[in-house]
Amino acid sequence: MSNRATASIPPGIEASSSNPLSDSPEKPDTSNRAYGKSVGLLTIGVGLTGIFTYAYFLIASHDLSAASYGEITVLWSAVFITVSTLYRPVDQLLSRSIAEHVERGETDVGPVRVAAKIQGCLALGFAVLALIFKGPLENGLLEGNETLYWVFFSSVLFYAASYYARGYLAGHQQFGLFTTLILSESVFRTLFAALVAFGLLSGQSWVAVGIVAAPLLSLMVVPMAITRRSRREAEERARIAEQRGQRAEDTDEEEREARDEFSLAHGAGFVGSVFLIMFSEQVFLNAGPLVVSSVEGAAAAGFIFNVLMIARAPLQLFQAVSTSILPHLTALHSSREPGSEVQFHRSVRMVLLGIGAFTAFTALVVVIAGPKLMEIAFSDKGFAYDRLGLLLVTAGMGLYLAAVTINQACLAQGQARRASMRWISCAGFFLIWTLLPFIGDANLRVEIGFALTALILLASLYVIYLKPKGIEEDIPVEGSSEAIEAKLAGLEDQTL
């Protein structure tokens, strides 16, 4: 039975009512072990990605002038804020919906095609707007550098395909290829900076080309993955059709029904909700330095940017967990296996305990040598890093990572719209908090605001996680096949 019909049932009720022995299921435990291995693989991959990305900027900073290097950092920020906000919703849509369909034994043709249409529309919309505003982007953001503008333009378009591939691979839980994709991006990008360093290429333009070449070249791994999976799925459909005594036309009809069931409106609704979440995330991570810059100048903004790196760096590594946990939780939530819902919540608790341990360790390091380590990493440049501010951001980091974890659980439960409302409300609260000068020190205001907002966000998302509610398109229409299926399943439960 589809979980859509039971979306309003509190967590754990389905598992406990359907099987009293659900605390020790075999299949979910195996799934958890596989998930643990996936997290380990992704953590290593993302860690190496971070190292290569750091190497890219290290090489660029030594080979380019201060002004040219500054333009590269602006280009990088513009590209990744744009693609993270614009394309990650489709990445999440694919990741969740494919995992759900695969767990139910259904074809993924519906979500794959709908996500492709949405991603194509987003990329086309960006291209039109970027061409319309070419002047302001090139002359204002990129200091009149036409080459950097076209790198920005092309990079954002190529990343549409890259993020689509990430969602496809994550949904099918092909985390080996997923890791290869993101790692190859950073390797190819760094390669261009290295070629400039060795004198084989020359100038800022070739360093910038690495940003656009990375997503393009890394996509070489995708056709191989999709071709192999498509061949396996075709063979599996043929085998199932043979077992059922069906003709090939019958299985094709099932695919068409699955495609029609997953509508464009359904996919667009999810993408719109996650878009609000991604936008809110950028507000949390980037509004602080911008507000401080407007109040106290660029130098002070650089200081608070460095302090917030305590949250940014772990969030980069945490992408390994957040990427893998969504399809994992979706599969458990959609599973008919006894004990799946128990394992769903156990997986969430496992990640939260890991975040708590990591936050406690980071806080201990900050207490012992936080200010000194910040000076070594970023140089003091006249700033004094105080332990209180660093501890506030450390606490905010832990709360924020926990909120991201609970958010993925809410998405797996089909609560994207409710979650997005909490995110955008908290983003608005954070902006108001940082803008109102009721605390004179703007840096301290941002530090307190980040921790406080993360706490409010976590608490509000946790309420949704504990009490998921059905949304309109998740409730079967009276007389539909899903409604009939839900009623029949209810009758079966009553006779057991």
# chains A, B, ... in the order shown; residues from 1 in each chain; ligands from 1
>>> select_by_dssp(residues="region 362-466 of chain A", states="helix (DSSP H, G or I)", output="PyMOL selection string")
chain A and resi 362-378+387-412+416-435+442-466
>>> closest_atom_pairs(of="region 151-203 of chain A", to="region 88-105 of chain A", cutoff="10 Å", atoms="only C-alpha atoms", output="CSV")
residue,atom,partner,partner_atom,distance
A:Ala160,CA,A:Arg88,CA,9.1
A:Ser162,CA,A:Asp91,CA,9.3
A:Tyr163,CA,A:Asp91,CA,5.6
A:Tyr164,CA,A:Asp91,CA,5.6
A:Ala165,CA,A:Asp91,CA,7.8
A:Arg166,CA,A:Asp91,CA,6.3
A:Gly167,CA,A:Asp91,CA,4.1
A:Tyr168,CA,A:Leu94,CA,5.7
A:Leu169,CA,A:Ser95,CA,7.6
A:Ala170,CA,A:Ser95,CA,5.3
A:Gly171,CA,A:Ser95,CA,3.8
A:His172,CA,A:Ala99,CA,6.2
A:Gln173,CA,A:Ala99,CA,7.8
>>> write_last_selection(atoms="N, CA and C atoms", output="PDB file, in the first residue's frame")
ATOM      1  N   ALA A 160      23.412  22.465 -14.860  1.00  0.00           N
ATOM      2  CA  ALA A 160      22.046  21.934 -14.924  1.00  0.00           C
ATOM      3  C   ALA A 160      22.097  20.431 -15.184  1.00  0.00           C
ATOM      4  N   SER A 162      24.777  18.513 -14.646  1.00  0.00           N
ATOM      5  CA  SER A 162      25.519  17.883 -13.556  1.00  0.00           C
ATOM      6  C   SER A 162      24.611  17.593 -12.360  1.00  0.00           C
ATOM      7  N   TYR A 163      23.795  18.572 -11.970  1.00  0.00           N
ATOM      8  CA  TYR A 163      22.911  18.363 -10.812  1.00  0.00           C
ATOM      9  C   TYR A 163      21.800  17.365 -11.139  1.00  0.00           C
ATOM     10  N   TYR A 164      21.367  17.347 -12.384  1.00  0.00           N
ATOM     11  CA  TYR A 164      20.388  16.338 -12.790  1.00  0.00           C
ATOM     12  C   TYR A 164      20.995  14.944 -12.637  1.00  0.00           C
ATOM     13  N   ALA A 165      22.238  14.801 -13.086  1.00  0.00           N
ATOM     14  CA  ALA A 165      22.918  13.506 -12.967  1.00  0.00           C
ATOM     15  C   ALA A 165      23.104  13.113 -11.501  1.00  0.00           C
ATOM     16  N   ARG A 166      23.416  14.076 -10.653  1.00  0.00           N
ATOM     17  CA  ARG A 166      23.586  13.786  -9.226  1.00  0.00           C
ATOM     18  C   ARG A 166      22.292  13.230  -8.631  1.00  0.00           C
ATOM     19  N   GLY A 167      21.174  13.875  -8.958  1.00  0.00           N
ATOM     20  CA  GLY A 167      19.898  13.402  -8.438  1.00  0.00           C
ATOM     21  C   GLY A 167      19.553  12.016  -8.944  1.00  0.00           C
ATOM     22  N   TYR A 168      19.838  11.757 -10.223  1.00  0.00           N
ATOM     23  CA  TYR A 168      19.553  10.443 -10.806  1.00  0.00           C
ATOM     24  C   TYR A 168      20.372   9.363 -10.114  1.00  0.00           C
ATOM     25  N   LEU A 169      21.660   9.610  -9.946  1.00  0.00           N
ATOM     26  CA  LEU A 169      22.535   8.616  -9.319  1.00  0.00           C
ATOM     27  C   LEU A 169      22.183   8.421  -7.848  1.00  0.00           C
ATOM     28  N   ALA A 170      21.876   9.506  -7.147  1.00  0.00           N
ATOM     29  CA  ALA A 170      21.512   9.389  -5.727  1.00  0.00           C
ATOM     30  C   ALA A 170      20.202   8.631  -5.567  1.00  0.00           C
ATOM     31  N   GLY A 171      19.224   8.899  -6.448  1.00  0.00           N
ATOM     32  CA  GLY A 171      17.946   8.210  -6.364  1.00  0.00           C
ATOM     33  C   GLY A 171      18.084   6.713  -6.529  1.00  0.00           C
ATOM     34  N   HIS A 172      18.981   6.304  -7.417  1.00  0.00           N
ATOM     35  CA  HIS A 172      19.252   4.877  -7.616  1.00  0.00           C
ATOM     36  C   HIS A 172      20.302   4.352  -6.637  1.00  0.00           C
ATOM     37  N   GLN A 173      20.762   5.235  -5.742  1.00  0.00           N
ATOM     38  CA  GLN A 173      21.755   4.902  -4.720  1.00  0.00           C
ATOM     39  C   GLN A 173      23.026   4.317  -5.340  1.00  0.00           C
TER      40      GLN A 173
END
>>> closest_residue(among="A:Leu308, A:Ile406, A:Val114, A:Leu352", to="Tyr462 (chain A)", atoms="only C-alpha atoms")
A:Ile406
>>> closest_residue(among="A:Phe344, A:Phe438, A:Phe279, A:Tyr149", to="Phe133 (chain A)", atoms="only C-alpha atoms")
A:Tyr149
>>> residues_around(residues="Val151 (chain A)", least_positions_apart="6", cutoff="8 Å", atoms="only C-alpha atoms", output="PyMOL selection string")
chain A and resi 208-209+211-212
>>> write_last_selection(atoms="N, CA and C atoms", output="mmCIF file, in the first residue's frame")
data_model
loop_
_atom_site.group_PDB
_atom_site.id
_atom_site.type_symbol
_atom_site.label_atom_id
_atom_site.label_comp_id
_atom_site.auth_asym_id
_atom_site.auth_seq_id
_atom_site.Cartn_x
_atom_site.Cartn_y
_atom_site.Cartn_z
ATOM 1 N N ALA A 208 39.854 30.561 -14.994
ATOM 2 C CA ALA A 208 38.395 30.631 -14.968
ATOM 3 C C ALA A 208 37.759 29.528 -15.798
ATOM 4 N N VAL A 209 38.400 29.163 -16.917
ATOM 5 C CA VAL A 209 37.851 28.107 -17.769
ATOM 6 C C VAL A 209 37.713 26.801 -16.999
ATOM 7 N N ILE A 211 36.437 26.408 -14.204
ATOM 8 C CA ILE A 211 35.122 26.389 -13.553
ATOM 9 C C ILE A 211 34.048 25.881 -14.507
ATOM 10 N N VAL A 212 34.166 26.200 -15.796
ATOM 11 C CA VAL A 212 33.167 25.747 -16.756
ATOM 12 C C VAL A 212 33.494 24.354 -17.292
#
>>> residues_around(residues="Ile355 (chain A)", least_positions_apart="2", cutoff="9 Å", atoms="only C-alpha atoms", output="list in words")
Met350, Val351, Leu352, Leu353, Ala357, Phe358, Thr359, Ala360, Gly398, Leu399, Leu401 and Ala402 of chain A
>>> residues_around(residues="Val367 (chain A)", least_positions_apart="3", cutoff="8 Å", atoms="only C-alpha atoms", output="MDAnalysis selection string")
chainID A and resid 363:364 370 387 391
>>> closest_residue(among="A:Trp206, A:Thr394, A:Phe52, A:Ile132", to="Arg312 (chain A)", atoms="only C-alpha atoms")
A:Thr394
>>> residues_around(residues="Gly70 (chain A)", least_positions_apart="2", cutoff="12 Å", atoms="only C-alpha atoms", output="list in words")
Phe57, Ala60, Ser61, His62, Leu64, Ser65, Ala66, Ala67, Ser68, Ile72, Thr73, Val74, Leu75, Trp76, Ser77, Leu141, Leu142, Glu143, Gln204 and Ala208 of chain A
>>> write_last_selection(atoms="N, CA and C atoms", output="PDB file, in the first residue's frame")
ATOM      1  N   PHE A  57      42.088  27.054  -5.431  1.00  0.00           N
ATOM      2  CA  PHE A  57      42.212  28.441  -4.982  1.00  0.00           C
ATOM      3  C   PHE A  57      43.623  28.760  -4.497  1.00  0.00           C
ATOM      4  N   ALA A  60      45.604  29.310  -7.672  1.00  0.00           N
ATOM      5  CA  ALA A  60      45.163  30.549  -8.321  1.00  0.00           C
ATOM      6  C   ALA A  60      45.640  31.779  -7.563  1.00  0.00           C
ATOM      7  N   SER A  61      45.622  31.715  -6.237  1.00  0.00           N
ATOM      8  CA  SER A  61      46.030  32.878  -5.440  1.00  0.00           C
ATOM      9  C   SER A  61      47.504  33.185  -5.607  1.00  0.00           C
ATOM     10  N   HIS A  62      48.330  32.158  -5.872  1.00  0.00           N
ATOM     11  CA  HIS A  62      49.762  32.375  -6.058  1.00  0.00           C
ATOM     12  C   HIS A  62      50.103  32.802  -7.488  1.00  0.00           C
ATOM     13  N   LEU A  64      47.970  34.430  -9.739  1.00  0.00           N
ATOM     14  CA  LEU A  64      47.278  35.618 -10.225  1.00  0.00           C
ATOM     15  C   LEU A  64      47.525  36.795  -9.295  1.00  0.00           C
ATOM     16  N   SER A  65      47.315  37.995  -9.809  1.00  0.00           N
ATOM     17  CA  SER A  65      47.400  39.187  -8.976  1.00  0.00           C
ATOM     18  C   SER A  65      46.230  39.199  -8.007  1.00  0.00           C
ATOM     19  N   ALA A  66      46.319  40.052  -6.995  1.00  0.00           N
ATOM     20  CA  ALA A  66      45.250  40.117  -5.991  1.00  0.00           C
ATOM     21  C   ALA A  66      43.918  40.469  -6.633  1.00  0.00           C
ATOM     22  N   ALA A  67      43.930  41.405  -7.583  1.00  0.00           N
ATOM     23  CA  ALA A  67      42.688  41.816  -8.239  1.00  0.00           C
ATOM     24  C   ALA A  67      42.118  40.685  -9.092  1.00  0.00           C
ATOM     25  N   SER A  68      42.992  40.017  -9.857  1.00  0.00           N
ATOM     26  CA  SER A  68      42.524  38.927 -10.718  1.00  0.00           C
ATOM     27  C   SER A  68      42.006  37.761  -9.895  1.00  0.00           C
ATOM     28  N   ILE A  72      38.150  35.981  -9.605  1.00  0.00           N
ATOM     29  CA  ILE A  72      37.882  34.538  -9.678  1.00  0.00           C
ATOM     30  C   ILE A  72      36.990  34.106  -8.513  1.00  0.00           C
ATOM     31  N   THR A  73      37.251  34.626  -7.317  1.00  0.00           N
ATOM     32  CA  THR A  73      36.427  34.257  -6.153  1.00  0.00           C
ATOM     33  C   THR A  73      34.994  34.776  -6.307  1.00  0.00           C
ATOM     34  N   VAL A  74      34.837  35.965  -6.888  1.00  0.00           N
ATOM     35  CA  VAL A  74      33.497  36.498  -7.137  1.00  0.00           C
ATOM     36  C   VAL A  74      32.771  35.623  -8.158  1.00  0.00           C
ATOM     37  N   LEU A  75      33.479  35.237  -9.230  1.00  0.00           N
ATOM     38  CA  LEU A  75      32.901  34.358 -10.243  1.00  0.00           C
ATOM     39  C   LEU A  75      32.462  33.034  -9.622  1.00  0.00           C
ATOM     40  N   TRP A  76      33.344  32.457  -8.810  1.00  0.00           N
ATOM     41  CA  TRP A  76      33.034  31.183  -8.141  1.00  0.00           C
ATOM     42  C   TRP A  76      31.772  31.313  -7.280  1.00  0.00           C
ATOM     43  N   SER A  77      31.723  32.379  -6.473  1.00  0.00           N
ATOM     44  CA  SER A  77      30.570  32.582  -5.591  1.00  0.00           C
ATOM     45  C   SER A  77      29.287  32.748  -6.394  1.00  0.00           C
ATOM     46  N   LEU A 141      29.001  43.015 -11.637  1.00  0.00           N
ATOM     47  CA  LEU A 141      29.467  41.882 -10.828  1.00  0.00           C
ATOM     48  C   LEU A 141      30.874  41.447 -11.188  1.00  0.00           C
ATOM     49  N   LEU A 142      31.192  41.435 -12.497  1.00  0.00           N
ATOM     50  CA  LEU A 142      32.446  40.839 -12.971  1.00  0.00           C
ATOM     51  C   LEU A 142      33.431  41.870 -13.507  1.00  0.00           C
ATOM     52  N   GLU A 143      33.315  43.091 -13.053  1.00  0.00           N
ATOM     53  CA  GLU A 143      34.292  44.155 -13.329  1.00  0.00           C
ATOM     54  C   GLU A 143      34.537  44.375 -14.822  1.00  0.00           C
ATOM     55  N   GLN A 204      44.442  34.674 -16.227  1.00  0.00           N
ATOM     56  CA  GLN A 204      43.216  34.495 -15.449  1.00  0.00           C
ATOM     57  C   GLN A 204      42.148  33.730 -16.213  1.00  0.00           C
ATOM     58  N   ALA A 208      39.854  30.561 -14.994  1.00  0.00           N
ATOM     59  CA  ALA A 208      38.395  30.631 -14.968  1.00  0.00           C
ATOM     60  C   ALA A 208      37.759  29.528 -15.798  1.00  0.00           C
TER      61      ALA A 208
END
>>> atom_distance(atom1="CA of Leu455 (chain A)", atom2="CA of Ala419 (chain A)")
14.7 Å
